[in-house]
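Written out below as structure tokens is the structure these notes cover.
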Amino acid sequence: MTSHTVYSRVPAGAICVNNPIKVLGIFVLFFMALFALLSAFKGVPSSYSLWSLDSTSTSQNDDALGVNSSQSVEVPKDKLLAGLLPEGLDENSCLSRYQLVMYQKHQMRRPSSHLIHRLRKYESLHKKCGPFTESYNRTLEYMKLGKYTNSTDCKYVVWTAIHGLGNRLLTLASAFLYALLTNRVLLIDPGAKIADLLCEPFPEVSWSLPSNFPVTSRQFNAFRKNSPQSYGNMLKNNILGNSTSTLPPYVYLNLVGGYNDYDQLFFCDEHQSILQKVTWLIIKSDIYFVPSLFLIPSFEQQLSNLFPEKELVFHYLGRYLFHPTNSVWGLITRNYDTYLARADERIGIQIRIFDWRNHGPYVLDQILACVRKEHLLPRINQSKSIFIPSDDQKPKTKAVLMTSLTSWYSEQIRNMYLQHPTVTGEVIQVHQPSQEKYQQTGKQMHDRKALAEIYLLSFSDKLVTSACSTFGYVAQSLGGLKPWILYRPEKLKAPDPPCQRAVSLEPCFHSPPSYDCKRKKGIDTGKLVPHVQHCEDRKKGIKLVDRNEDL
């Protein structure tokens with residue numbers, strides 16, 4: 001990134017003097033200034049060099065990544081986030097766990113005592129039943145034999161990934177909440193490649209499924225709604241009886257968008273009673289299904305105790321579960337410290353183009369219309385070439401962090417603010433960490449960049465996101481931000497109004513069930529309870545809200 005400095009003009013003839021000592025002095029001052037300027041440029045690397053420092057190596061050596069674990073680092077007083085995080089975890093192996101709070105702009109509200117108590121209880125269960133424990137090994141033997149067992153007090157939810165990073169984080173949090181509600185241990189498919197991105201969240205015992213698990217990552221990937229192990233398929237073919245002797249050792253839950261009516265019975269109480277008897281549940285999902293858990297009567301009271309403020313569910317779960325590894329944390333902190341830290345205000349703009357036919361100048365016009373209408377960024381003054389502040393007025397600096405697969409939008413906005421002064425005199429700096437051109441989920445460096453950009457967006461003071469983007473959902477919820485949502489263009493035209501403020505921090509559940517378990521008929525699940533309503537960006541979707549609160 002190029003830095004531009006405006007110097008005051010020197011009067012003509014000021015350096016045209018005959019005194020050789022003065023001339024020598026001027027040359028010395030000139031070279032000193034030149035050296036200082038070059039040093040300044042050298043000290044501010046381009047965004048490419050910030051990313052490429054990690055792309056040259058996949059190791060997690062802290063010093064090579066610009067995160068020296070041997071040096072003393074500033075640790076916030078409330079590093080445990082009011083009891084949300086557990087004690088006793090090594091700080092240097094996961095620097096982000098306790099440093100993140102210093103970067104988040106919106107202070108996290110105190111979690112409920114019920115949630116804190118439940119998390120500590122879960123950690124004890126995970127320590128007792130996690131991989132390679134006696135209980136785990138005993139349960140695994142039954143599974144290898146293809147037998148159902150109820151002789152153990154350990155039950156499990158195995159999460160397997162699908163689609164992009166935003167979807168993965170949303171579904172991982174959903175699976176963990178389901179594990180909390182059903183007293184199960186959460187384990188993750190190593191094929192999801194989460195270990196390179198996120199630190200282990202639980203003390204002492206890993207959440208990664210061991211390689212000797214009878215179901216392989218390849219089999220996880222092959223599971224579909226018509227698979228014999230699918231719960232919906234078992235119901236459809238009347239395979240499950242009333243006796244536990246007919247229960248299989250594990251059941252696959254197909255909670256992928258586009259799932260059928262039988263799969264959706266997962267959200268019915270009577271079917272939760274059946275699933276509670278199964279030792280191993282394997283969840284594959286690409287949707288944030290938490291809102292529908294709030295509509296299951298047997299979970300209602302427990303969820304109300306855990307989350308008195310409904311719109312903070314993912315915020316708490318994400319702050320508890322997700323801690324970037326040191327390799328990713330190095331990317332995050334270098335970008336923040338170089339481009340964002342010294343600004344008076346940070347504006348995040350996340351652009352997601354789902355249909356590349358909807359890419360062009362009218363999308364740029366929509367973005368500019370939104371940020372101007374909502375007074376997030378100032379207009380430019382095309383009639384003047386420079387803004388002259390008063391003697392007692394110091395120009396305010398706004399740093400704009402833009403994320404997109406293309407650099408075109410950030411280049412247009414950056415050039416606009418470089419070529420013209422703002423009407424307010426504010427200095428606008430535009431930074432885009434990466435431009436990957438297309439989504440490359442599963443590639444190590446691509447996923448690292450994606451996670452880094454999610455967290456950089458979450459550090460914003462104000463945030464603009466794209467409609468229906470799970471990437472944006474994660475950023476807003478982690479940061480405690482109610483974003484302005486850019487509507488999706490229709491018929492190659494920018495919508496009017498260009499954007500709308502979200503009513504809650506919570507992500508949208510894009511594909512909720514539409515079945516009334518009691519009345520055995522279709523229903524609008526967005527109109528059943530006050531704290532679950534339809535999403536701003538997807539009318540069929542539902543989300544959690546707190547109508548009486550305004551973060």
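By order in the structure tokens, chains are A, B, ...; within a chain, residues start at 1; ligands start at 1, following the order shown.
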#### Entry: stretch 245-342 of chain A: residues DSSP assigns to helix (DSSP H, G or I), reported as a count of residues only
57
For A:Lys394, work out the shell of residues within 12 Å, counting only C-alpha atoms and skipping chain neighbours fewer than 6 positions away, then give it as an MDAnalysis selection string.
chainID A and resid 344 387:388 424:427
Restricted to N, CA and C atoms, what would the selected residues look like written as an mmCIF file, in the first residue's frame?
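Saved the output as again_5.cif:
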```
data_model
loop_
_atom_site.group_PDB
_atom_site.id
_atom_site.type_symbol
_atom_site.label_atom_id
_atom_site.label_comp_id
_atom_site.auth_asym_id
_atom_site.auth_seq_id
_atom_site.Cartn_x
_atom_site.Cartn_y
_atom_site.Cartn_z
ATOM 1 N N ASP A 344 -9.061 6.948 13.716
ATOM 2 C CA ASP A 344 -10.036 7.387 14.715
ATOM 3 C C ASP A 344 -11.277 6.508 14.700
ATOM 4 N N PHE A 387 -8.765 20.190 1.058
ATOM 5 C CA PHE A 387 -9.536 20.705 2.184
ATOM 6 C C PHE A 387 -8.578 21.420 3.133
ATOM 7 N N ILE A 388 -8.887 22.668 3.464
ATOM 8 C CA ILE A 388 -8.027 23.457 4.349
ATOM 9 C C ILE A 388 -8.710 23.570 5.707
ATOM 10 N N THR A 424 -16.123 16.884 4.662
ATOM 11 C CA THR A 424 -15.941 17.057 6.105
ATOM 12 C C THR A 424 -14.487 17.279 6.497
ATOM 13 N N GLY A 425 -13.581 17.045 5.556
ATOM 14 C CA GLY A 425 -12.157 17.130 5.865
ATOM 15 C C GLY A 425 -11.580 15.852 6.414
ATOM 16 N N GLU A 426 -12.414 14.828 6.581
ATOM 17 C CA GLU A 426 -11.933 13.542 7.096
ATOM 18 C C GLU A 426 -11.009 12.878 6.077
ATOM 19 N N VAL A 427 -10.002 12.197 6.578
ATOM 20 C CA VAL A 427 -9.066 11.449 5.740
ATOM 21 C C VAL A 427 -9.529 9.997 5.695
#
```
Quick check, in Å to one decimal: how far apart do atom CA of A:Trp329 and atom CA of A:Thr171 lie?
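Pair atom CA of A:Trp329 / atom CA of A:Thr171 returns 22.3 Å.
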Check: Which of these, A:Pro190, A:Ser511, A:Leu80, A:Glu436, has the shortest distance to A:Val101 once you count only C-alpha atoms?
Finding: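 Between A:Pro190, A:Ser511, A:Leu80, A:Glu436, the residue approaching A:Val101 most closely is A:Leu80.
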Can you list every residue in stretch 303-503 of chain A that DSSP puts in strand (DSSP E or B), as a PyMOL selection string? chain A and resi 324+345-350+380+397-403+422+427-431+462-466+484-486+490+493+499-501
Exercise for review: Identify, on the basis of only C-alpha atoms, every residue whose closest approach to A:Leu463 does not exceed 8 Å; exclude the query and any residue fewer than 3 positions from it along the same chain; express the result as a PyMOL selection string.
Suggested key: chain A and resi 347-350+457+460+476+481-484
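Of the listed residues A:Ser124, A:Asn238, A:Ser469, A:Gln440, the one whose atoms come nearest to A:Tyr288 is A:Ser469, with distances taken using only C-alpha atoms.
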Which is closest to A:Glu506 among A:Lys310, A:His375, A:Lys493, A:Arg448, if we use only C-alpha atoms?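 Checking each of A:Lys310, A:His375, A:Lys493, A:Arg448 against A:Glu506, counting only C-alpha atoms, the winner is A:Lys310.
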For A:Ser383, the closest of A:Pro489, A:Pro421, A:Gly166, A:Gly330 counting only C-alpha atoms is A:Pro421
**Message:** With distances taken over only C-alpha atoms, which residue among A:Tyr336, A:Phe223, A:Tyr455, A:Tyr473 lies nearest A:Ile485?
**Reply:**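 Ranking A:Tyr336, A:Phe223, A:Tyr455, A:Tyr473 by distance to A:Ile485, first place goes to A:Tyr473.
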Exercise. Closest to A:Phe213 among A:Ala179, A:Ile188, A:Val400, A:Ile353, using only C-alpha atoms?
Worked result: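 Closest candidate: A:Ile188.
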Please identify all polymer residues within 9 Å of stretch 259-267 of chain A, counting only C-alpha atoms, omitting same-chain residues fewer than 2 positions from it, and present them as a compact mmCIF listing (two decimals) with all heavy atoms, in the first residue's frame.
```txt
# COMPACT_ATOMS: atom_id res chain seq x y z
N LYS A 225 -28.88 -37.42 2.09
CA LYS A 225 -30.18 -37.63 2.72
C LYS A 225 -30.74 -39.02 2.47
O LYS A 225 -31.56 -39.52 3.25
CB LYS A 225 -31.17 -36.57 2.27
CG LYS A 225 -31.47 -36.56 0.77
CD LYS A 225 -32.38 -35.41 0.42
CE LYS A 225 -32.66 -35.35 -1.08
NZ LYS A 225 -33.52 -34.18 -1.41
N SER A 230 -28.99 -42.35 7.39
CA SER A 230 -29.71 -41.09 7.60
C SER A 230 -30.96 -41.32 8.44
O SER A 230 -31.77 -42.22 8.16
CB SER A 230 -30.09 -40.47 6.26
OG SER A 230 -31.08 -39.48 6.42
N TYR A 231 -31.16 -40.47 9.45
CA TYR A 231 -32.33 -40.60 10.32
C TYR A 231 -33.62 -40.39 9.52
O TYR A 231 -34.59 -41.15 9.68
CB TYR A 231 -32.25 -39.57 11.45
CG TYR A 231 -33.39 -39.66 12.43
CD1 TYR A 231 -33.52 -40.77 13.26
CD2 TYR A 231 -34.33 -38.64 12.54
CE1 TYR A 231 -34.57 -40.87 14.17
CE2 TYR A 231 -35.38 -38.73 13.45
CZ TYR A 231 -35.50 -39.84 14.26
OH TYR A 231 -36.54 -39.93 15.16
N GLY A 232 -33.62 -39.39 8.64
CA GLY A 232 -34.80 -39.17 7.81
C GLY A 232 -35.11 -40.36 6.93
O GLY A 232 -36.29 -40.74 6.75
N ASN A 233 -34.09 -40.99 6.37
CA ASN A 233 -34.29 -42.17 5.52
C ASN A 233 -34.80 -43.35 6.34
O ASN A 233 -35.64 -44.14 5.86
CB ASN A 233 -32.98 -42.52 4.82
CG ASN A 233 -33.16 -43.52 3.71
OD1 ASN A 233 -33.97 -43.31 2.81
ND2 ASN A 233 -32.41 -44.61 3.75
N MET A 234 -34.30 -43.49 7.57
CA MET A 234 -34.78 -44.56 8.45
C MET A 234 -36.26 -44.38 8.77
O MET A 234 -37.03 -45.35 8.80
CB MET A 234 -33.98 -44.58 9.74
CG MET A 234 -32.53 -45.02 9.60
SD MET A 234 -31.66 -44.97 11.18
CE MET A 234 -30.00 -45.40 10.69
N LEU A 235 -36.66 -43.13 9.01
CA LEU A 235 -38.08 -42.87 9.29
C LEU A 235 -38.93 -43.15 8.06
O LEU A 235 -40.02 -43.74 8.16
CB LEU A 235 -38.26 -41.41 9.72
CG LEU A 235 -37.65 -40.99 11.06
CD1 LEU A 235 -37.82 -39.49 11.26
CD2 LEU A 235 -38.28 -41.76 12.21
N LYS A 236 -38.44 -42.73 6.92
CA LYS A 236 -39.18 -42.92 5.67
C LYS A 236 -39.42 -44.40 5.38
O LYS A 236 -40.50 -44.79 4.90
CB LYS A 236 -38.40 -42.28 4.53
CG LYS A 236 -39.05 -42.40 3.16
CD LYS A 236 -38.19 -41.74 2.10
CE LYS A 236 -38.82 -41.88 0.73
NZ LYS A 236 -37.98 -41.24 -0.33
N LEU A 253 -27.42 -37.36 10.80
CA LEU A 253 -28.44 -36.31 10.74
C LEU A 253 -28.14 -35.39 9.57
O LEU A 253 -27.15 -34.66 9.57
CB LEU A 253 -28.46 -35.51 12.05
CG LEU A 253 -28.78 -36.32 13.31
CD1 LEU A 253 -28.57 -35.47 14.56
CD2 LEU A 253 -30.21 -36.84 13.26
N ASN A 254 -29.01 -35.41 8.58
CA ASN A 254 -28.83 -34.61 7.38
C ASN A 254 -29.54 -33.26 7.58
O ASN A 254 -30.75 -33.15 7.42
CB ASN A 254 -29.42 -35.33 6.16
CG ASN A 254 -29.25 -34.51 4.89
OD1 ASN A 254 -28.14 -34.25 4.45
ND2 ASN A 254 -30.37 -34.09 4.31
N LEU A 255 -28.77 -32.24 7.96
CA LEU A 255 -29.32 -30.90 8.19
C LEU A 255 -28.74 -29.91 7.19
O LEU A 255 -28.39 -28.78 7.53
CB LEU A 255 -29.04 -30.46 9.63
CG LEU A 255 -29.60 -31.37 10.73
CD1 LEU A 255 -29.25 -30.83 12.11
CD2 LEU A 255 -31.12 -31.51 10.58
N VAL A 256 -28.64 -30.36 5.97
CA VAL A 256 -28.12 -29.54 4.89
C VAL A 256 -29.29 -28.83 4.21
O VAL A 256 -30.38 -29.40 4.08
CB VAL A 256 -27.36 -30.41 3.86
CG1 VAL A 256 -26.83 -29.56 2.71
CG2 VAL A 256 -26.22 -31.15 4.54
N GLY A 257 -29.08 -27.58 3.81
CA GLY A 257 -30.13 -26.84 3.12
C GLY A 257 -30.71 -27.64 1.96
O GLY A 257 -29.96 -28.24 1.19
N ASP A 269 -40.01 -32.71 19.21
CA ASP A 269 -39.70 -33.26 20.53
C ASP A 269 -39.74 -34.78 20.55
O ASP A 269 -38.89 -35.43 21.15
CB ASP A 269 -40.68 -32.70 21.57
CG ASP A 269 -39.98 -31.82 22.59
OD1 ASP A 269 -38.75 -31.92 22.71
OD2 ASP A 269 -40.66 -31.04 23.26
N GLU A 270 -40.74 -35.36 19.92
CA GLU A 270 -40.87 -36.82 19.98
C GLU A 270 -39.68 -37.52 19.32
O GLU A 270 -39.27 -38.61 19.75
CB GLU A 270 -42.18 -37.26 19.31
CG GLU A 270 -42.28 -36.90 17.84
CD GLU A 270 -43.61 -37.32 17.23
OE1 GLU A 270 -43.78 -38.53 16.98
OE2 GLU A 270 -44.46 -36.44 17.03
N HIS A 271 -39.11 -36.88 18.33
CA HIS A 271 -37.94 -37.47 17.67
C HIS A 271 -36.66 -37.20 18.45
O HIS A 271 -35.72 -38.00 18.39
CB HIS A 271 -37.84 -36.96 16.24
CG HIS A 271 -38.95 -37.46 15.37
ND1 HIS A 271 -38.94 -38.72 14.80
CD2 HIS A 271 -40.14 -36.90 15.03
CE1 HIS A 271 -40.05 -38.91 14.11
NE2 HIS A 271 -40.81 -37.81 14.24
N GLN A 272 -36.64 -36.11 19.19
CA GLN A 272 -35.51 -35.90 20.09
C GLN A 272 -35.47 -36.99 21.16
O GLN A 272 -34.39 -37.41 21.59
CB GLN A 272 -35.60 -34.52 20.73
CG GLN A 272 -35.18 -33.38 19.81
CD GLN A 272 -33.74 -33.51 19.34
OE1 GLN A 272 -32.85 -33.87 20.10
NE2 GLN A 272 -33.52 -33.23 18.06
N LEU A 275 -33.75 -39.91 19.46
CA LEU A 275 -32.34 -39.66 19.22
C LEU A 275 -31.53 -39.65 20.51
O LEU A 275 -30.34 -39.97 20.50
CB LEU A 275 -32.16 -38.32 18.49
CG LEU A 275 -32.69 -38.28 17.05
CD1 LEU A 275 -32.67 -36.86 16.51
CD2 LEU A 275 -31.86 -39.20 16.15
N SER A 292 -34.21 -22.75 15.45
CA SER A 292 -35.23 -23.78 15.57
C SER A 292 -35.07 -24.63 16.82
O SER A 292 -36.02 -25.28 17.26
CB SER A 292 -35.22 -24.68 14.32
OG SER A 292 -35.86 -24.02 13.24
N LEU A 293 -33.87 -24.64 17.42
CA LEU A 293 -33.71 -25.31 18.71
C LEU A 293 -34.53 -24.58 19.78
O LEU A 293 -35.02 -25.21 20.73
CB LEU A 293 -32.24 -25.35 19.12
CG LEU A 293 -31.28 -26.15 18.22
CD1 LEU A 293 -29.86 -26.08 18.77
CD2 LEU A 293 -31.73 -27.60 18.10
N LEU A 295 -37.39 -23.49 19.37
CA LEU A 295 -38.80 -23.83 19.15
C LEU A 295 -39.13 -25.26 19.57
O LEU A 295 -40.26 -25.70 19.42
CB LEU A 295 -39.16 -23.61 17.68
CG LEU A 295 -38.95 -22.19 17.13
CD1 LEU A 295 -39.30 -22.13 15.65
CD2 LEU A 295 -39.77 -21.18 17.92
N ILE A 296 -38.14 -25.97 20.12
CA ILE A 296 -38.37 -27.33 20.63
C ILE A 296 -38.74 -27.22 22.11
O ILE A 296 -37.94 -26.75 22.92
CB ILE A 296 -37.12 -28.21 20.44
CG1 ILE A 296 -36.78 -28.32 18.95
CG2 ILE A 296 -37.33 -29.59 21.04
CD1 ILE A 296 -35.49 -29.08 18.66
N SER A 511 -32.83 -21.95 6.06
CA SER A 511 -33.78 -23.00 5.63
C SER A 511 -34.45 -23.64 6.84
O SER A 511 -34.23 -24.82 7.14
CB SER A 511 -33.04 -24.07 4.82
OG SER A 511 -32.33 -23.49 3.75
N PRO A 512 -35.28 -22.90 7.57
CA PRO A 512 -35.93 -23.48 8.76
C PRO A 512 -37.01 -24.48 8.37
O PRO A 512 -37.55 -24.42 7.25
CB PRO A 512 -36.55 -22.25 9.43
CG PRO A 512 -36.83 -21.32 8.31
CD PRO A 512 -35.71 -21.52 7.32
N PRO A 513 -37.33 -25.41 9.26
CA PRO A 513 -38.42 -26.35 8.98
C PRO A 513 -39.74 -25.59 8.94
O PRO A 513 -39.91 -24.56 9.60
CB PRO A 513 -38.37 -27.31 10.17
CG PRO A 513 -37.71 -26.53 11.26
CD PRO A 513 -36.73 -25.62 10.60
N SER A 514 -40.67 -26.10 8.17
CA SER A 514 -41.98 -25.46 8.05
C SER A 514 -43.08 -26.44 8.47
O SER A 514 -44.18 -26.43 7.92
CB SER A 514 -42.21 -25.01 6.60
OG SER A 514 -42.05 -26.09 5.70
N TYR A 515 -42.75 -27.26 9.48
CA TYR A 515 -43.68 -28.32 9.90
C TYR A 515 -44.04 -28.12 11.36
O TYR A 515 -43.16 -27.93 12.21
CB TYR A 515 -43.02 -29.69 9.69
CG TYR A 515 -43.89 -30.86 10.08
CD1 TYR A 515 -44.99 -31.21 9.31
CD2 TYR A 515 -43.58 -31.63 11.20
CE1 TYR A 515 -45.78 -32.30 9.66
CE2 TYR A 515 -44.36 -32.72 11.56
CZ TYR A 515 -45.46 -33.04 10.79
OH TYR A 515 -46.23 -34.12 11.14
N CYS A 517 -44.98 -29.75 14.55
CA CYS A 517 -44.88 -31.11 15.09
C CYS A 517 -46.15 -31.53 15.83
O CYS A 517 -46.50 -32.71 15.84
CB CYS A 517 -43.67 -31.20 16.02
SG CYS A 517 -42.09 -30.80 15.24
```
Selection near A:Val529, 10 Å with only C-alpha atoms, sequence-local residues under 2 positions removed, as a count of residues only: 9
